[in-house]
Amino acid sequence: MLDSSRPVLAAARDGRLPTDREARSLAAETDLDALLPVASELRDGGHRNVVSYSRKVFIPLTQLCRDVCHYCTFAKPPVPGQKAYLTPDEVLEVARAGAAAGCKEALFTLGDKPELRYRVAKQELEALGYESTIAYLRAMAELVYRETGLLPHANPGVMTRDEIAALREVSISQGIMLESVSERLLERGQVHFGSPDKAPKARLDTIRMAGELAVPFTSGILIGIGETRLERVESFLALRRLHREFGHIQEIIVQNFRAKADTKMADAPEPDLDDLLWSIAMARVVFGPEMNIQAPPNLSYELYPRLVAAGLNDWGGVSPVTPDHVNPEAPWPHLEELSVNTAACGKVLTERLALYPAYALDGDRWLDPAMRTPVIRAIDADGFARVEAWSPGDSDAPLPAEYVPRRVELGAIVGRENGRFAARKPGGTATVEVARILERAKAGKELDEIDIARLFQARGDDYHAVCTAADDLRRAINGETVSYVVNRNINYTNICYFRCQFCAFAKGKMSESLRGTPYDLGLDEVQRRVHEAWERGATEVCMQGGIHPEYTGQKYLEILRAVKDAVPRMHVHAFSPLEVAQGAETLGITVTEFLIRLKEAGLGTLPGTAAEVLDDEVRATLCPDKLTTGKWLDVVERAHRVGFKTTSTIMYGHIDGPRNWARHLVRLRELQKRTGGITEFVPLPFVHMEAPIYLKGRARSGPTFREAVLMHAVARLALHPWITNIQVSWVKMGPEGAKAALNAGVNDMGGTLMNESISRAAGAAFGQELPPEQMESLIREAGRTPQQRTTAYGLAPEDRQIASFGAPGLAPIILTPVRKYERRREEAAV
């Protein structure tokens, strides 16, 4: 190792990128034993235990090219009788095969501007109705997306500003390999002689214009084509300068030259493994932890552990359908094989889109409006590809087996040194970072926002370790008992003047949803439902509704008195903090005074709903006219001070993510530390099917199953010891999803419900009632002991338990329509 390299690598390890001069000094570094550990550590700091790839279909629109690179077999001269371009039908045939195989990326690769060299190309384009190859490419990208849903990535070579802008409208990313900044390679006898589009300035100008146009861009270098190591470093630095200016280079590819028959470089030596490892590691050191560094697995000697150790975090596009047309001699690895080999390196193979996560999560900046909706619907909360069919409320989708919690003992997968978790053991994908967080949680230490957000990103063995830790804590706190309450939901009105973007339940002139008829229950119908619930063994009625523009706080008091007049022993669990705040405001009294009146009228406890996500960054879009985070917390704290107990909730999986969820949990925990008034935490996964924000194309399809299970598990760990009951919503998770959550920290199944309107309005299909017989059967199937409880987590009275089993069916509900609040479709369009 060179003496001059030691401080540079040490600084890089500490988080300081090398200056241009320092990076050049590393060109002479040959000690891989010094370089690779730094690169590997940097990669882990930015990408945890994830190595990504894109499942793509390769569409070679044309193999004609005006350039004559000496190593290339992709570009071919015209052949009489053969088409110069794939026809639209041929393009669609390839794309449909890819879509059927689960691909999400349509990679368009083609030669540079063949119409400028070959008359046949120009003639064929004219016959197809296009002036240029890139104009045809744009049309085919649009066609593929429209007909198959595949998301296009375009690699057409050197482009003008207008061409880049045109492609931005129909693709989610673009790219051009810089290959090298060496002008020498353009000289006679060198690989790029006679190839005008390989001029470094032309390629860098294309990359610059892409940055100016906010196009997520792919670039990289080709090693072993006559360049020096110093020239490789100069190439990295040229790309780094552009990325620092525009932030648009989403990956750096390090591709090794492979000699091919029938080329001028057929007998040229290929770079050896050490040369490839050096180049990957140097890319990581120059660009730092966050950059995506890629090396194609089909060109990389199949020595996966060495490549991963060099600092890469991505395998590039891998196709289950089409060959690598640029390197046809090197077949793609089978995806199952790639997953196994990646896991052997301690990493979790994770699918992404052609657009990397950071860019996918910031679509307003990086995507044309036409491409934002397909991207947001194709990603999870971390910005990786959504690969499972499951979503909350969908009764037809199976659980993804990979994320059904299984027990993982940390000591078996992470080794200790001096009493601390220190290194991953061979054969697993756990990280020391997560192991240490879980160890702190087990020791009763409070997790901070960064810890909590990290647990929400757990994948592979980390995921199962989080679930195991949560389950162990649940067992220590709650034992093997799973509680539930026999209750009835009564939603007294669906008329609402708020415009919450997630709500498909509310109706009215100002609501976002058009499905269903506005109704406002008469008090006689409320009383009838309360009587019927009592006869069927209920101990609680849970009552909430829309914020009716004609309601005042007096209406809420009347509803309470009606319930208590009907069944004095019935516990009333009612009115969200939003309803409390609105009721107080309409009566012109303080929130505290209104809470006291509610208590006097018979209110027992309050649901901690309308919380959604307690982070104003999310609420500004999701529910801009609802209570702010601070106001919600204030109302709940006042309720606790008056003597009420409340639940707490989160409604997640739409436009939010791990950082927002962590803030939410920390804020609930701090509230509970002050008051002790929260009885339970209830994760409510977003049901997307009929939600306005989803139908407008601005939200994900709810949380993934992994995210949904983690919400329960991480909450158990983060809220301990302050909130000791974690509940699962069987209406949204489904019976099988609920059973999975029971192995990830959950000790409560919530209510039997009898009626459920809000999730059903959004599209949930798991029914309205889970009677005690079915509830207890499900709990026993999970290996646990059921216990019927009261709202306050006491044992349900014996007479109530007896009445709840074998209960008669429900009479049809009566909804009192209110025609004046019906909203015509032409009004909705305004």
# chains A, B, ... in the order shown; residues from 1 in each chain; ligands from 1
call {"tool": "select_by_dssp", "arguments": {"residues": "segment 476-725 of chain A", "states": "strand (DSSP E)", "output": "PyMOL selection string"}}
result
chain A and resi 481-485+487-491+540-544+571-574+646-652+678-685
call {"tool": "select_by_dssp", "arguments": {"residues": "segment 638-767 of chain A", "states": "alpha helix (DSSP H)", "output": "number ranges by chain"}}
result
A: 638-642, 658-675, 692-695, 705-719, 730-742, 758-762
call {"tool": "closest_residue", "arguments": {"among": "A:Gly317, A:Thr468, A:Pro37, A:Val215", "to": "Arg365 of chain A", "atoms": "only C-alpha atoms"}}
result
A:Val215
call {"tool": "residues_around", "arguments": {"residues": "segment 197-202 of chain A", "least_positions_apart": "3", "cutoff": "8 Å", "atoms": "only C-alpha atoms", "output": "list in words"}}
result
Asp67, Asp112, Gly157, Val158, Leu178, Ser180, Val181, Ser182, Glu183, Leu186, His192, Asp205 and Thr206 of chain A
call {"tool": "residues_around", "arguments": {"residues": "segment 143-155 of chain A", "least_positions_apart": "6", "cutoff": "6 Å", "atoms": "only C-alpha atoms", "output": "JSON list (two decimals) with N, CA, C and O atoms, in the first residue's frame"}}
result
[["chain", "number", "residue", "atom", "x", "y", "z"],
["A", 104, "LYS", "N", -40.40, -5.58, -15.06],
["A", 104, "LYS", "CA", -40.96, -4.24, -14.89],
["A", 104, "LYS", "C", -40.25, -3.22, -15.77],
["A", 104, "LYS", "O", -40.79, -2.15, -16.03],
["A", 105, "GLU", "N", -39.06, -3.55, -16.25],
["A", 105, "GLU", "CA", -38.28, -2.63, -17.07],
["A", 105, "GLU", "C", -38.25, -3.10, -18.51],
["A", 105, "GLU", "O", -38.00, -4.28, -18.79],
["A", 106, "ALA", "N", -38.48, -2.17, -19.43],
["A", 106, "ALA", "CA", -38.25, -2.40, -20.86],
["A", 106, "ALA", "C", -36.99, -1.62, -21.23],
["A", 106, "ALA", "O", -37.02, -0.40, -21.33],
["A", 107, "LEU", "N", -35.90, -2.34, -21.41],
["A", 107, "LEU", "CA", -34.62, -1.71, -21.74],
["A", 107, "LEU", "C", -34.48, -1.62, -23.25],
["A", 107, "LEU", "O", -34.32, -2.64, -23.93],
["A", 108, "PHE", "N", -34.54, -0.41, -23.76],
["A", 108, "PHE", "CA", -34.34, -0.19, -25.19],
["A", 108, "PHE", "C", -32.86, 0.11, -25.44],
["A", 108, "PHE", "O", -32.32, 1.11, -24.97],
["A", 109, "THR", "N", -32.22, -0.79, -26.18],
["A", 109, "THR", "CA", -30.83, -0.59, -26.56],
["A", 109, "THR", "C", -30.75, -0.56, -28.08],
["A", 109, "THR", "O", -31.43, -1.33, -28.76],
["A", 171, "SER", "N", -40.35, 7.70, -20.62],
["A", 171, "SER", "CA", -39.46, 6.76, -19.95],
["A", 171, "SER", "C", -39.26, 7.21, -18.51],
["A", 171, "SER", "O", -39.56, 8.35, -18.16],
["A", 173, "SER", "N", -36.15, 6.54, -17.00],
["A", 173, "SER", "CA", -34.71, 6.80, -16.87],
["A", 173, "SER", "C", -34.06, 6.64, -18.23],
["A", 173, "SER", "O", -34.63, 6.03, -19.15],
["A", 174, "GLN", "N", -32.88, 7.21, -18.34],
["A", 174, "GLN", "CA", -32.11, 7.11, -19.58],
["A", 174, "GLN", "C", -30.65, 6.86, -19.19],
["A", 174, "GLN", "O", -30.28, 6.94, -18.02],
["A", 175, "GLY", "N", -29.83, 6.56, -20.20],
["A", 175, "GLY", "CA", -28.44, 6.32, -19.89],
["A", 175, "GLY", "C", -27.53, 6.35, -21.09],
["A", 175, "GLY", "O", -27.96, 6.19, -22.24],
["A", 176, "ILE", "N", -26.26, 6.57, -20.81],
["A", 176, "ILE", "CA", -25.21, 6.44, -21.80],
["A", 176, "ILE", "C", -23.92, 6.13, -21.05],
["A", 176, "ILE", "O", -23.60, 6.77, -20.05]]
call {"tool": "atom_distance", "arguments": {"atom1": "atom CA of Met282 of chain A", "atom2": "atom CA of Arg454 of chain A"}}
result
27.5 Å
call {"tool": "closest_atom_pairs", "arguments": {"of": "segment 580-651 of chain A", "to": "segment 676-679 of chain A", "cutoff": "7 Å", "atoms": "only C-alpha atoms", "output": "JSON lines"}}
result
{"residue": "A:His640", "atom": "CA", "partner": "A:Gly677", "partner_atom": "CA", "distance": 5.3}
{"residue": "A:Lys645", "atom": "CA", "partner": "A:Gly677", "partner_atom": "CA", "distance": 4.9}
{"residue": "A:Thr646", "atom": "CA", "partner": "A:Ile678", "partner_atom": "CA", "distance": 5.0}
{"residue": "A:Thr647", "atom": "CA", "partner": "A:Ile678", "partner_atom": "CA", "distance": 5.3}
{"residue": "A:Ser648", "atom": "CA", "partner": "A:Ile678", "partner_atom": "CA", "distance": 6.5}
call {"tool": "write_last_selection", "arguments": {"atoms": "N, CA and C atoms", "output": "mmCIF file, in the first residue's frame"}}
result
data_model
loop_
_atom_site.group_PDB
_atom_site.id
_atom_site.type_symbol
_atom_site.label_atom_id
_atom_site.label_comp_id
_atom_site.auth_asym_id
_atom_site.auth_seq_id
_atom_site.Cartn_x
_atom_site.Cartn_y
_atom_site.Cartn_z
ATOM 1 N N HIS A 640 -56.836 12.650 28.218
ATOM 2 C CA HIS A 640 -56.203 11.891 29.301
ATOM 3 C C HIS A 640 -56.267 12.671 30.617
ATOM 4 N N LYS A 645 -59.377 7.224 28.924
ATOM 5 C CA LYS A 645 -58.390 6.410 28.234
ATOM 6 C C LYS A 645 -58.680 6.497 26.737
ATOM 7 N N THR A 646 -57.634 6.394 25.928
ATOM 8 C CA THR A 646 -57.802 6.385 24.473
ATOM 9 C C THR A 646 -56.962 5.263 23.876
ATOM 10 N N THR A 647 -57.323 4.902 22.680
ATOM 11 C CA THR A 647 -56.434 4.056 21.890
ATOM 12 C C THR A 647 -55.477 4.964 21.125
ATOM 13 N N SER A 648 -54.581 4.367 20.345
ATOM 14 C CA SER A 648 -53.736 5.132 19.425
ATOM 15 C C SER A 648 -53.636 4.339 18.134
#
call {"tool": "residues_around", "arguments": {"residues": "Ile693 of chain A", "least_positions_apart": "4", "cutoff": "12 Å", "atoms": "only C-alpha atoms", "output": "count of residues only"}}
result
28
call {"tool": "closest_residue", "arguments": {"among": "A:Ser25, A:Gln457, A:Ser52, A:Gln82", "to": "Glu231 of chain A", "atoms": "only C-alpha atoms"}}
result
A:Ser25
call {"tool": "closest_residue", "arguments": {"among": "A:Glu776, A:Asp472, A:Asp382, A:Asp368", "to": "Gly745 of chain A", "atoms": "only C-alpha atoms"}}
result
A:Asp472
call {"tool": "atom_distance", "arguments": {"atom1": "atom CA of Ala610 of chain A", "atom2": "atom CA of Ala691 of chain A"}}
result
15.6 Å
call {"tool": "residues_around", "arguments": {"residues": "segment 386-388 of chain A", "least_positions_apart": "4", "cutoff": "8 Å", "atoms": "only C-alpha atoms", "output": "list in words"}}
result
Glu351, Ala378, Ile379, Asp380, Pro400 and Thr704 of chain A
call {"tool": "write_last_selection", "arguments": {"atoms": "N, CA, C and O atoms", "output": "compact mmCIF listing (two decimals), in the first residue's frame"}}
result
# COMPACT_ATOMS: atom_id res chain seq x y z
N GLU A 351 -35.42 -6.53 -5.69
CA GLU A 351 -35.76 -5.99 -7.00
C GLU A 351 -36.05 -4.50 -6.92
O GLU A 351 -36.67 -4.01 -5.98
N ALA A 378 -45.79 1.15 -8.40
CA ALA A 378 -44.91 -0.01 -8.58
C ALA A 378 -43.85 -0.13 -7.50
O ALA A 378 -43.01 -1.02 -7.57
N ILE A 379 -43.89 0.74 -6.47
CA ILE A 379 -42.81 0.74 -5.48
C ILE A 379 -43.34 0.50 -4.08
O ILE A 379 -44.54 0.64 -3.81
N ASP A 380 -42.41 0.15 -3.19
CA ASP A 380 -42.73 0.05 -1.77
C ASP A 380 -42.28 1.32 -1.06
O ASP A 380 -41.87 2.29 -1.72
N PRO A 400 -47.19 -13.49 0.97
CA PRO A 400 -45.86 -13.82 0.44
C PRO A 400 -45.10 -14.67 1.46
O PRO A 400 -44.79 -14.19 2.56
N THR A 704 -46.69 -2.97 1.76
CA THR A 704 -46.44 -4.36 1.42
C THR A 704 -46.66 -5.21 2.65
O THR A 704 -46.77 -4.70 3.78
call {"tool": "atom_distance", "arguments": {"atom1": "atom CA of His720 of chain A", "atom2": "atom CA of Val682 of chain A"}}
result
14.4 Å
